[in-house]
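A short worksheet on the structure shown next.
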Amino acid sequence: MESLPVIARDCALKLEAIRDFTQDGKKVVAGDEWLEYGPKIYIPRIEVRIIENVEPIVITSSQALRVRAIRATKDSQGKERSAGEEWLIRAPGFYIPGADEAVDQLIDGQIITDRKALLLRAKQTF
């Protein structure tokens, strides 16, 4: 007998539908992915496969997180993002990437003083 997975506080389970089903009046199609947030005990369905346990990423006051959209999605702020689009999360605290997001890297900030400057070059037009 297998034990039920426990989703810790500030964590999530990434789930994938392996066949079509209806949940809470919404149709879920095979291949759909979503997150189930904790804290809770997750009761698995036969139509769903657990992909991974998603741990939160801690962003401090002088850091930013570069995130990329895997598929067209809405980000945590509700903004529409197209596949391949990249953006920064600058808000300090915990961040759990969505099911359609990939974390590229955690970027440390550069401190600019009266004796130190940055020379910037754009990699692409914006």
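By order of appearance in the structure tokens: chains A, B, ..., then residues from 1 within every chain, and ligands from 1 in the order shown.
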Within 8 Å of Ile107 (chain A) using only C-alpha atoms, minus same-chain residues under 5 positions, as a PyMOL selection string: chain A and resi 63-66
Within 9 Å of Arg9 (chain A) using only C-alpha atoms, minus same-chain residues under 3 positions, as a PyMOL selection string: chain A and resi 12+37-40
Selection file, N, CA and C atoms, as a PDB file, in the first residue's frame:
```pdb
ATOM      1  N   ALA A  12       4.301  22.878  -4.084  1.00  0.00           N
ATOM      2  CA  ALA A  12       3.235  22.443  -4.983  1.00  0.00           C
ATOM      3  C   ALA A  12       3.628  21.125  -5.631  1.00  0.00           C
ATOM      4  N   TYR A  37      -1.415  23.260  -5.065  1.00  0.00           N
ATOM      5  CA  TYR A  37      -0.659  23.941  -4.017  1.00  0.00           C
ATOM      6  C   TYR A  37      -0.976  23.381  -2.633  1.00  0.00           C
ATOM      7  N   GLY A  38       0.026  23.449  -1.734  1.00  0.00           N
ATOM      8  CA  GLY A  38      -0.128  22.985  -0.365  1.00  0.00           C
ATOM      9  C   GLY A  38      -0.447  24.139   0.555  1.00  0.00           C
ATOM     10  N   PRO A  39      -0.635  23.892   1.813  1.00  0.00           N
ATOM     11  CA  PRO A  39      -0.449  22.610   2.491  1.00  0.00           C
ATOM     12  C   PRO A  39      -1.704  21.748   2.402  1.00  0.00           C
ATOM     13  N   LYS A  40      -1.509  20.502   2.059  1.00  0.00           N
ATOM     14  CA  LYS A  40      -2.620  19.552   2.005  1.00  0.00           C
ATOM     15  C   LYS A  40      -2.101  18.151   1.748  1.00  0.00           C
TER      16      LYS A  40
END
```
Residue neighbourhood Trp34 (chain A), 10 Å, only C-alpha atoms, exclusion window fewer than 5 positions, as JSON, numbers by chain: {"A": [12, 13, 14, 15, 16, 17, 51, 98, 99, 100]}
Strand (DSSP E) call set, DSSP backbone run, chain A, as a PyMOL selection string: chain A and resi 6-7+12-17+21-23+26-28+33-37+40-41+48-54+57-59+63-69+73-74+80-81+86-89+93-95+101-108
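Distance annotation: of A:Arg49, A:Lys123, A:Arg68, A:Arg81, the residue with the minimal separation from Ala30 (chain A) is A:Arg49; atom set is only C-alpha atoms.
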Interatomic distance (Å, one decimal) between CA of Tyr42 (chain A) and CA of Gln23 (chain A): 14.6 Å
Near-Leu4 (chain A) list (9 Å; only C-alpha atoms; drop same-chain fewer than 3 positions) as a ChimeraX atom specification: /A:41-44
Store the residues of this selection in a file with N, CA and C atoms, as a short mmCIF file (atom, residue, chain, number, x, y, z; two decimals), in the first residue's frame.
```cif
data_model
loop_
_atom_site.label_atom_id
_atom_site.label_comp_id
_atom_site.auth_asym_id
_atom_site.auth_seq_id
_atom_site.Cartn_x
_atom_site.Cartn_y
_atom_site.Cartn_z
N ILE A 41 -2.96 17.20 1.95
CA ILE A 41 -2.69 15.82 1.56
C ILE A 41 -3.36 15.63 0.21
N TYR A 42 -2.60 15.26 -0.80
CA TYR A 42 -3.14 15.10 -2.15
C TYR A 42 -3.68 13.68 -2.31
N ILE A 43 -4.93 13.57 -2.71
CA ILE A 43 -5.53 12.27 -2.99
C ILE A 43 -5.47 12.06 -4.50
N PRO A 44 -4.59 11.14 -4.95
CA PRO A 44 -4.38 10.97 -6.39
C PRO A 44 -5.59 10.39 -7.12
#
```
Interatomic distance, CA of Ala122 (chain A) to CA of Trp87 (chain A) (Å, one decimal): 14.7 Å
